[in-house]
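Student: To be precise about what I am sending: the file is called start_23.cif and holds mmCIF, C-alpha atoms.
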data_target
#
loop_
_atom_site.group_PDB
_atom_site.id
_atom_site.type_symbol
_atom_site.label_atom_id
_atom_site.label_comp_id
_atom_site.auth_asym_id
_atom_site.auth_seq_id
_atom_site.Cartn_x
_atom_site.Cartn_y
_atom_site.Cartn_z
ATOM 1 C CA MET A 272 -27.366 -1.319 -15.699
ATOM 2 C CA PRO A 273 -25.466 1.707 -17.042
ATOM 3 C CA LEU A 274 -23.382 3.115 -14.212
ATOM 4 C CA ASP A 275 -24.779 6.615 -14.765
ATOM 5 C CA ASN A 276 -28.230 5.196 -14.005
ATOM 6 C CA ALA A 277 -27.230 3.237 -10.901
ATOM 7 C CA ALA A 278 -29.305 4.235 -7.886
ATOM 8 C CA ARG A 279 -27.625 6.717 -5.568
ATOM 9 C CA GLN A 280 -26.668 5.222 -2.233
ATOM 10 C CA ASP A 281 -26.976 6.880 1.150
ATOM 11 C CA PHE A 282 -23.608 6.549 2.861
ATOM 12 C CA ASP A 283 -21.456 8.505 5.289
ATOM 13 C CA ILE A 284 -17.771 9.422 5.151
ATOM 14 C CA ARG A 285 -16.457 10.059 8.640
ATOM 15 C CA PRO A 286 -12.891 11.273 9.201
ATOM 16 C CA LEU A 287 -10.945 9.261 11.733
ATOM 17 C CA ASN A 288 -9.372 10.798 14.815
ATOM 18 C CA ALA A 289 -5.938 10.358 13.273
ATOM 19 C CA PRO A 290 -3.474 12.170 10.971
ATOM 20 C CA LEU A 291 -5.207 10.527 7.997
ATOM 21 C CA GLY A 292 -8.088 8.251 7.135
ATOM 22 C CA ALA A 293 -11.877 8.122 7.022
ATOM 23 C CA GLU A 294 -14.549 5.462 7.454
ATOM 24 C CA VAL A 295 -17.066 4.799 4.696
ATOM 25 C CA LEU A 296 -20.287 3.644 6.322
ATOM 26 C CA GLY A 297 -23.372 2.300 4.595
ATOM 27 C CA LEU A 298 -21.970 1.896 1.080
ATOM 28 C CA ASP A 299 -22.871 -1.452 -0.520
ATOM 29 C CA LEU A 300 -20.058 -2.335 -2.910
ATOM 30 C CA SER A 301 -21.893 -5.439 -4.075
ATOM 31 C CA ARG A 302 -24.255 -3.090 -5.960
ATOM 32 C CA PRO A 303 -23.337 -1.077 -9.060
ATOM 33 C CA LEU A 304 -21.742 2.208 -8.032
ATOM 34 C CA GLY A 305 -22.953 5.211 -9.989
ATOM 35 C CA THR A 306 -20.638 7.919 -11.239
ATOM 36 C CA ALA A 307 -21.721 10.470 -8.622
ATOM 37 C CA ASP A 308 -21.109 8.053 -5.749
ATOM 38 C CA LEU A 309 -17.796 6.992 -7.276
ATOM 39 C CA ALA A 310 -16.741 10.652 -7.558
ATOM 40 C CA ARG A 311 -17.544 11.130 -3.876
ATOM 41 C CA VAL A 312 -15.437 8.109 -2.913
ATOM 42 C CA HIS A 313 -12.609 9.337 -5.156
ATOM 43 C CA ARG A 314 -12.658 12.797 -3.566
ATOM 44 C CA ALA A 315 -12.619 11.285 -0.077
ATOM 45 C CA HIS A 316 -9.677 9.084 -1.036
ATOM 46 C CA LEU A 317 -7.693 12.136 -2.145
ATOM 47 C CA ASP A 318 -8.659 14.087 0.968
ATOM 48 C CA HIS A 319 -8.059 11.356 3.552
ATOM 49 C CA HIS A 320 -5.522 9.005 1.871
ATOM 50 C CA VAL A 321 -7.029 5.903 3.538
ATOM 51 C CA LEU A 322 -10.652 4.841 3.283
ATOM 52 C CA VAL A 323 -12.009 2.094 5.543
ATOM 53 C CA PHE A 324 -15.098 0.446 4.054
ATOM 54 C CA ARG A 325 -16.851 -1.218 6.968
ATOM 55 C CA ASP A 326 -18.835 -4.456 6.818
ATOM 56 C CA THR A 327 -17.996 -5.096 3.159
ATOM 57 C CA HIS A 328 -19.477 -8.324 1.810
ATOM 58 C CA ILE A 329 -18.164 -8.710 -1.732
ATOM 59 C CA THR A 330 -16.647 -11.456 -3.839
ATOM 60 C CA PRO A 331 -13.090 -11.284 -5.178
ATOM 61 C CA ALA A 332 -14.559 -10.563 -8.615
ATOM 62 C CA GLN A 333 -16.503 -7.627 -7.182
ATOM 63 C CA GLN A 334 -13.355 -6.333 -5.488
ATOM 64 C CA VAL A 335 -11.558 -6.496 -8.837
ATOM 65 C CA GLU A 336 -14.435 -4.722 -10.561
ATOM 66 C CA PHE A 337 -14.500 -1.914 -7.978
ATOM 67 C CA SER A 338 -10.708 -1.567 -8.070
ATOM 68 C CA ARG A 339 -10.775 -1.201 -11.852
ATOM 69 C CA ARG A 340 -12.974 1.878 -11.516
ATOM 70 C CA PHE A 341 -9.781 3.688 -10.425
ATOM 71 C CA GLY A 342 -7.409 2.334 -13.082
ATOM 72 C CA GLU A 343 -5.713 -0.705 -14.535
ATOM 73 C CA LEU A 344 -4.670 -3.403 -12.096
ATOM 74 C CA GLN A 345 -1.108 -4.551 -11.521
ATOM 75 C CA ILE A 346 -0.117 -8.183 -11.051
ATOM 76 C CA HIS A 347 2.407 -8.918 -8.303
ATOM 77 C CA VAL A 348 5.638 -10.663 -9.302
ATOM 78 C CA LEU A 349 4.900 -13.537 -6.876
ATOM 79 C CA ARG A 350 2.272 -15.061 -9.115
ATOM 80 C CA GLN A 351 2.235 -18.264 -7.082
ATOM 81 C CA PHE A 352 0.194 -16.327 -4.516
ATOM 82 C CA GLN A 353 -2.510 -15.186 -6.922
ATOM 83 C CA LEU A 354 -6.039 -16.224 -6.107
ATOM 84 C CA PRO A 355 -6.555 -19.112 -8.567
ATOM 85 C CA THR A 356 -10.002 -17.933 -9.604
ATOM 86 C CA GLN A 357 -8.997 -14.249 -9.828
ATOM 87 C CA PRO A 358 -5.364 -13.615 -10.832
ATOM 88 C CA GLU A 359 -5.635 -9.878 -10.140
ATOM 89 C CA VAL A 360 -5.949 -10.727 -6.418
ATOM 90 C CA LEU A 361 -2.829 -11.312 -4.309
ATOM 91 C CA VAL A 362 -3.493 -13.518 -1.284
ATOM 92 C CA ILE A 363 -1.956 -12.106 1.900
ATOM 93 C CA SER A 364 -1.961 -14.958 4.393
ATOM 94 C CA ASN A 365 0.063 -16.937 6.919
ATOM 95 C CA ILE A 366 -2.057 -20.052 6.350
ATOM 96 C CA ARG A 367 -0.505 -23.240 5.030
ATOM 97 C CA GLU A 368 -2.354 -26.014 3.281
ATOM 98 C CA ASN A 369 -0.631 -29.376 2.753
ATOM 99 C CA GLY A 370 2.510 -27.809 4.176
ATOM 100 C CA GLU A 371 2.603 -25.017 1.584
ATOM 101 C CA PRO A 372 1.745 -21.324 2.096
ATOM 102 C CA ILE A 373 -1.419 -20.177 0.321
ATOM 103 C CA GLY A 374 -0.330 -16.543 0.323
ATOM 104 C CA LEU A 375 2.364 -14.017 1.105
ATOM 105 C CA GLY A 376 2.597 -14.279 4.869
ATOM 106 C CA ASP A 377 5.129 -11.555 5.616
ATOM 107 C CA ALA A 378 3.820 -8.807 3.318
ATOM 108 C CA GLY A 379 4.462 -5.388 4.827
ATOM 109 C CA HIS A 380 7.218 -6.480 7.207
ATOM 110 C CA TYR A 381 9.056 -3.189 6.494
ATOM 111 C CA TRP A 382 7.653 0.297 5.868
ATOM 112 C CA HIS A 383 7.023 0.758 2.143
ATOM 113 C CA SER A 384 4.820 2.080 -0.654
ATOM 114 C CA ASP A 385 3.470 -0.699 -2.873
ATOM 115 C CA LEU A 386 5.398 -1.283 -6.093
ATOM 116 C CA SER A 387 7.670 1.748 -5.680
ATOM 117 C CA TYR A 388 10.273 -0.558 -7.249
ATOM 118 C CA LYS A 389 8.413 -0.400 -10.586
ATOM 119 C CA ALA A 390 8.838 2.388 -13.140
ATOM 120 C CA THR A 391 5.087 2.958 -12.784
ATOM 121 C CA PRO A 392 4.311 2.422 -9.089
ATOM 122 C CA SER A 393 0.890 1.824 -7.619
ATOM 123 C CA LEU A 394 -1.811 4.479 -7.338
ATOM 124 C CA GLY A 395 -3.383 2.591 -4.479
ATOM 125 C CA SER A 396 -4.164 -0.791 -2.990
ATOM 126 C CA MET A 397 -7.323 -2.382 -1.629
ATOM 127 C CA LEU A 398 -7.086 -5.009 1.092
ATOM 128 C CA HIS A 399 -10.202 -6.989 2.052
ATOM 129 C CA ALA A 400 -10.281 -9.012 5.272
ATOM 130 C CA GLN A 401 -11.239 -12.682 4.913
ATOM 131 C CA GLU A 402 -9.912 -14.205 8.165
ATOM 132 C CA LEU A 403 -8.509 -12.169 11.036
ATOM 133 C CA PRO A 404 -6.426 -13.242 14.047
ATOM 134 C CA GLU A 405 -7.752 -12.754 17.541
ATOM 135 C CA GLU A 406 -4.565 -10.912 18.448
ATOM 136 C CA GLY A 407 -2.468 -8.480 16.403
ATOM 137 C CA GLY A 408 -2.625 -8.102 12.649
ATOM 138 C CA ASP A 409 -2.860 -4.285 12.652
ATOM 139 C CA THR A 410 -1.734 -2.224 9.649
ATOM 140 C CA LEU A 411 -0.029 1.139 10.160
ATOM 141 C CA PHE A 412 -0.131 4.010 7.674
ATOM 142 C CA ALA A 413 2.197 7.044 7.731
ATOM 143 C CA ASN A 414 1.225 10.318 6.033
ATOM 144 C CA GLN A 415 4.105 11.324 3.756
ATOM 145 C CA HIS A 416 2.620 14.726 2.931
ATOM 146 C CA LEU A 417 2.948 15.596 6.618
ATOM 147 C CA ALA A 418 6.428 14.074 6.624
ATOM 148 C CA TRP A 419 7.497 16.424 3.823
ATOM 149 C CA ASP A 420 5.724 19.469 5.250
ATOM 150 C CA THR A 421 7.456 19.075 8.623
ATOM 151 C CA LEU A 422 10.924 18.169 7.335
ATOM 152 C CA ALA A 423 13.595 20.648 8.404
ATOM 153 C CA PRO A 424 13.974 23.360 5.720
ATOM 154 C CA GLU A 425 17.667 22.616 5.199
ATOM 155 C CA LEU A 426 16.848 18.948 4.566
ATOM 156 C CA GLN A 427 14.027 19.938 2.233
ATOM 157 C CA ARG A 428 16.447 22.006 0.168
ATOM 158 C CA GLU A 429 18.992 19.196 0.053
ATOM 159 C CA VAL A 430 16.663 16.374 -1.018
ATOM 160 C CA GLU A 431 13.872 17.995 -3.041
ATOM 161 C CA HIS A 432 15.515 17.413 -6.427
ATOM 162 C CA LEU A 433 17.351 14.163 -5.678
ATOM 163 C CA GLN A 434 16.638 10.707 -7.037
ATOM 164 C CA ALA A 435 16.979 7.345 -5.339
ATOM 165 C CA GLU A 436 17.172 3.735 -6.407
ATOM 166 C CA HIS A 437 14.294 1.430 -5.481
ATOM 167 C CA SER A 438 14.721 -2.329 -5.697
ATOM 168 C CA TYR A 439 12.354 -5.200 -4.938
ATOM 169 C CA LEU A 440 15.407 -7.306 -4.097
ATOM 170 C CA ALA A 441 16.705 -4.890 -1.451
ATOM 171 C CA ARG A 442 15.399 -6.892 1.526
ATOM 172 C CA TYR A 443 14.226 -10.048 -0.207
ATOM 173 C CA GLU A 444 16.942 -12.375 1.098
ATOM 174 C CA ASP A 445 16.622 -10.875 4.599
ATOM 175 C CA LEU A 446 12.952 -11.836 4.528
ATOM 176 C CA ARG A 447 13.761 -15.320 3.255
ATOM 177 C CA LYS A 448 16.084 -15.855 6.227
ATOM 178 C CA LEU A 449 13.253 -14.891 8.571
ATOM 179 C CA ASN A 450 10.633 -16.871 6.624
ATOM 180 C CA PRO A 451 12.184 -19.846 4.790
ATOM 181 C CA TRP A 452 8.884 -20.601 3.024
ATOM 182 C CA ARG A 453 9.149 -17.304 1.093
ATOM 183 C CA PRO A 454 9.959 -18.569 -2.417
ATOM 184 C CA ALA A 455 13.267 -18.092 -4.175
ATOM 185 C CA LEU A 456 12.802 -15.883 -7.217
ATOM 186 C CA THR A 457 13.224 -17.305 -10.686
ATOM 187 C CA GLN A 458 15.462 -15.497 -13.161
ATOM 188 C CA ALA A 459 12.320 -14.394 -15.026
ATOM 189 C CA GLN A 460 10.964 -12.835 -11.817
ATOM 190 C CA ILE A 461 14.275 -11.107 -11.116
ATOM 191 C CA ASP A 462 14.264 -9.711 -14.654
ATOM 192 C CA GLU A 463 10.777 -8.341 -14.016
ATOM 193 C CA VAL A 464 11.886 -6.220 -11.039
ATOM 194 C CA VAL A 465 15.061 -4.482 -12.190
ATOM 195 C CA PRO A 466 15.932 -1.480 -9.979
ATOM 196 C CA VAL A 467 14.419 1.882 -10.932
ATOM 197 C CA ARG A 468 15.081 5.568 -10.230
ATOM 198 C CA GLN A 469 12.440 7.513 -8.340
ATOM 199 C CA PRO A 470 12.316 11.082 -7.014
ATOM 200 C CA VAL A 471 13.023 11.360 -3.300
ATOM 201 C CA VAL A 472 10.150 13.870 -3.158
ATOM 202 C CA ARG A 473 7.188 13.245 -5.438
ATOM 203 C CA THR A 474 4.269 15.452 -6.419
ATOM 204 C CA HIS A 475 0.827 13.919 -6.171
ATOM 205 C CA PRO A 476 -0.535 13.912 -9.745
ATOM 206 C CA GLU A 477 -4.106 14.724 -8.654
ATOM 207 C CA THR A 478 -3.699 17.106 -5.726
ATOM 208 C CA GLY A 479 -0.311 18.689 -6.448
ATOM 209 C CA ARG A 480 0.838 18.066 -2.871
ATOM 210 C CA ARG A 481 4.418 16.985 -2.285
ATOM 211 C CA ALA A 482 5.369 13.877 -0.294
ATOM 212 C CA LEU A 483 8.476 12.000 0.712
ATOM 213 C CA PHE A 484 8.892 8.914 -1.473
ATOM 214 C CA VAL A 485 11.519 6.699 0.128
ATOM 215 C CA SER A 486 11.122 3.575 2.245
ATOM 216 C CA GLU A 487 13.246 1.249 4.340
ATOM 217 C CA HIS A 488 11.981 -1.726 2.335
ATOM 218 C CA PHE A 489 12.747 -0.737 -1.238
ATOM 219 C CA THR A 490 14.997 2.374 -1.288
ATOM 220 C CA THR A 491 18.636 1.293 -1.488
ATOM 221 C CA ARG A 492 20.573 4.534 -2.024
ATOM 222 C CA ILE A 493 20.341 8.141 -3.124
ATOM 223 C CA LEU A 494 21.952 8.488 -6.505
ATOM 224 C CA ASP A 495 24.802 10.771 -7.593
ATOM 225 C CA MET A 496 26.247 11.333 -4.134
ATOM 226 C CA PRO A 497 28.817 9.595 -1.913
ATOM 227 C CA GLU A 498 27.554 6.418 -0.272
ATOM 228 C CA ALA A 499 28.210 7.722 3.245
ATOM 229 C CA ARG A 500 26.043 10.832 2.726
ATOM 230 C CA SER A 501 23.379 8.767 0.971
ATOM 231 C CA ARG A 502 23.174 6.476 4.006
ATOM 232 C CA GLU A 503 23.007 9.413 6.428
ATOM 233 C CA LEU A 504 20.212 11.070 4.467
ATOM 234 C CA LEU A 505 18.184 7.895 4.058
ATOM 235 C CA ASP A 506 18.489 7.027 7.737
ATOM 236 C CA ALA A 507 17.285 10.517 8.645
ATOM 237 C CA LEU A 508 14.395 10.371 6.170
ATOM 238 C CA PHE A 509 13.326 6.887 7.254
ATOM 239 C CA GLU A 510 13.261 7.962 10.902
ATOM 240 C CA HIS A 511 11.382 11.180 10.176
ATOM 241 C CA SER A 512 8.835 9.642 7.789
ATOM 242 C CA THR A 513 7.356 7.280 10.364
ATOM 243 C CA LYS A 514 7.068 9.545 13.400
ATOM 244 C CA PRO A 515 4.069 8.684 15.605
ATOM 245 C CA GLU A 516 2.322 11.970 14.792
ATOM 246 C CA PHE A 517 2.037 10.935 11.122
ATOM 247 C CA ILE A 518 0.565 7.481 11.770
ATOM 248 C CA TYR A 519 -2.884 5.907 11.726
ATOM 249 C CA ARG A 520 -2.980 2.382 13.143
ATOM 250 C CA HIS A 521 -5.777 0.336 11.599
ATOM 251 C CA GLN A 522 -7.234 -2.316 13.873
ATOM 252 C CA TRP A 523 -9.066 -4.673 11.560
ATOM 253 C CA ARG A 524 -12.714 -5.615 12.009
ATOM 254 C CA PRO A 525 -14.416 -8.498 10.201
ATOM 255 C CA HIS A 526 -15.172 -7.664 6.545
ATOM 256 C CA ASP A 527 -13.205 -4.394 6.531
ATOM 257 C CA MET A 528 -11.827 -3.331 3.178
ATOM 258 C CA VAL A 529 -9.126 -0.655 3.255
ATOM 259 C CA PHE A 530 -8.215 1.464 0.213
ATOM 260 C CA TRP A 531 -5.024 3.501 0.581
ATOM 261 C CA ASP A 532 -3.085 5.926 -1.589
ATOM 262 C CA ASN A 533 0.451 4.702 -2.270
ATOM 263 C CA ARG A 534 1.353 8.163 -3.594
ATOM 264 C CA SER A 535 0.729 9.712 -0.179
ATOM 265 C CA LEU A 536 1.570 7.030 2.358
ATOM 266 C CA LEU A 537 3.899 4.369 3.660
ATOM 267 C CA HIS A 538 2.428 1.334 5.369
ATOM 268 C CA LEU A 539 3.576 -1.464 7.647
ATOM 269 C CA ALA A 540 2.063 -4.750 8.824
ATOM 270 C CA ALA A 541 2.411 -5.110 12.599
ATOM 271 C CA GLY A 542 2.258 -8.919 12.491
ATOM 272 C CA CYS A 543 0.353 -11.461 14.528
ATOM 273 C CA PRO A 544 1.089 -14.740 16.332
ATOM 274 C CA PRO A 545 2.010 -17.321 13.678
ATOM 275 C CA GLU A 546 -0.482 -19.866 14.957
ATOM 276 C CA GLN A 547 -3.417 -17.492 14.399
ATOM 277 C CA ARG A 548 -4.877 -17.581 10.890
ATOM 278 C CA ARG A 549 -4.875 -14.387 8.835
ATOM 279 C CA LYS A 550 -6.045 -14.029 5.246
ATOM 280 C CA LEU A 551 -6.754 -10.916 3.179
ATOM 281 C CA TYR A 552 -7.221 -10.256 -0.535
ATOM 282 C CA ARG A 553 -5.250 -7.439 -2.163
ATOM 283 C CA THR A 554 -5.784 -5.662 -5.454
ATOM 284 C CA THR A 555 -3.290 -3.078 -6.678
ATOM 285 C CA ILE A 556 -4.127 -0.186 -9.019
ATOM 286 C CA ALA A 557 -1.529 1.167 -11.430
ATOM 287 C CA GLY A 558 -0.544 4.802 -11.073
ATOM 288 C CA ASP A 559 1.658 7.277 -12.909
ATOM 289 C CA VAL A 560 5.384 7.757 -13.385
ATOM 290 C CA PRO A 561 6.420 9.801 -10.302
ATOM 291 C CA PHE A 562 7.639 13.366 -10.737
#
Show the structure stored in the file as C-alpha cells.
Tutor:
Amino acid sequence: MPLDNAARQDFDIRPLNAPLGAEVLGLDLSRPLGTADLARVHRAHLDHHVLVFRDTHITPAQQVEFSRRFGELQIHVLRQFQLPTQPEVLVISNIRENGEPIGLGDAGHYWHSDLSYKATPSLGSMLHAQELPEEGGDTLFANQHLAWDTLAPELQREVEHLQAEHSYLARYEDLRKLNPWRPALTQAQIDEVVPVRQPVVRTHPETGRRALFVSEHFTTRILDMPEARSRELLDALFEHSTKPEFIYRHQWRPHDMVFWDNRSLLHLAAGCPPEQRRKLYRTTIAGDVPF
C-alpha cells in the first residue's frame, strides 16, 4: 500500500507531567503509517523530545522499518550484540545463554547521548521492551535545552563557542572492570571509534534551539584550554545538565517503545537486580554533523 494512501489512525499524544516527554496512545505501528500520521509523530517528537508508544506489539523488522522513516540507521560498534535476524537492532540485555551475554547489559551506565563519539551522532534512538524486571530498570532522560537555557550567563558566554573531545573509549575499561563479560575491543573496533570534536553547545538542526552537548560518559576534555580549567568546566556542566528539574524518569511497562531525541537529551539507565531478566531492542537513527 502506498504510504500516502494508508488509512489515517485515531491516536492521542498526551504530554507527560515532566520537563519533557509525551505518551502516544492508540497508534498501531504494525500497520502502515501514512505521511500525515508520520508528520504528527515527527512534530510531537520535536516538541516533547521523548515519545512513549504504549502497548506496542511489533516485530524487530517492523521496528527497523518504522525507525527508517526518520533516517538511515546506524550500526553499533559491538556487532556481537546485534540481533542475528536483524543486524540493525542492538540487543540491550543482562541475560546470558550458555554462559555468554546475549546483549549489552550495562548500556547507559553513565549519562550520555547516543553515538556522540561519532562525527555524525545519532538523531534519535528507539528502545522496545521485550522482557522487563520486576524491580528497577528505569531510564532517565535530561532535557539539555533546559540545561542550556538555565545555565548561568557567564558560563554561557564562556562555553558557547568551545569544542570538546568525545571518545567511545573514555569509560570503556572502567565498565569492563565492573562487568568482566563486556568484550575487549578488537583493533578494528578501536579504529572505528576514533575520538571526535563536537561543539559544547549544539543547535538543533530542525528547531534551532540550543542545547548542552557534553556527557560524563563520552566527553573527555574541552579543547584548546588548560586541562585544569577544562576539568572544572566539565564538572560544572555535568552537574548542571542532570539537575532533577530537567529529568523525566521512565518506568517501563510491558511492550513500551520509547523514541528519544539524542540532539536534545542525555539519558541514563538506572539498573536493576542482576538476577532479574531484562531485554530490549534498540535501533539508532543517524543524524547530522553538530553545529
Student: Name the closest residue to Leu287 in chain A among the candidates A:Ala557, A:Ile518, A:Met397, A:Leu433; distances are taken between atoms, counting all atoms listed in the file.
Tutor: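 Of the candidates, the smallest distance to Leu287 in chain A is held by A:Ile518.
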Student: Have a look at A:Arg325, A:Arg534, A:His347, A:Arg480 and name the one nearest to Pro392 in chain A; count only C-alpha atoms.
Tutor: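 Under the stated criterion, the closest residue is A:Arg534.
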Student: Let me know the residues the PyMOL selection byres ((chain A and resi 456) around 12) catches in the file above, as a list in words.
Tutor: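 In the shown coordinates, the PyMOL selection byres ((chain A and resi 456) around 12) covers Val348, Leu349, Arg350, Gln351, Tyr439, Leu440, Tyr443, Glu444, Arg447, Trp452, Arg453, Pro454, Ala455, Thr457, Gln458, Ala459, Gln460, Ile461, Asp462, Glu463 and Val464 of chain A.
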Student: Please return, as a list of chain:residue names, all polymer residues that have at least one atom within 7 Å of the point (12.0, 10.4, 3.9); use all atoms listed in the file and the file's own coordinate frame.
Tutor: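 With a cut-off of 7 Å, the residues come to A:Leu483, A:Phe484, A:Val485, A:Leu505, A:Leu508, A:Phe509, A:His511, A:Ser512.
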Student: List the spatial neighbours of Ser301 in chain A as a JSON list (two decimals) with C-alpha atoms, in the coordinates of the input - criterion: any atom at most 9 Å away, all atoms listed in the file, same-chain residues fewer than 4 positions off excluded.
Tutor:
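Saved as result-v3.json:
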[["chain", "number", "residue", "atom", "x", "y", "z"],
["A", 327, "THR", "CA", -18.00, -5.10, 3.16],
["A", 328, "HIS", "CA", -19.48, -8.32, 1.81],
["A", 329, "ILE", "CA", -18.16, -8.71, -1.73],
["A", 330, "THR", "CA", -16.65, -11.46, -3.84],
["A", 333, "GLN", "CA", -16.50, -7.63, -7.18],
["A", 334, "GLN", "CA", -13.36, -6.33, -5.49]]
Student: Pick from A:Arg367, A:Arg549, A:Arg339, A:Arg502: nearest to Pro404 in chain A, with only C-alpha atoms counted?
Tutor: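 Looking at the shortest contact to Pro404 in chain A, the residue is A:Arg549.
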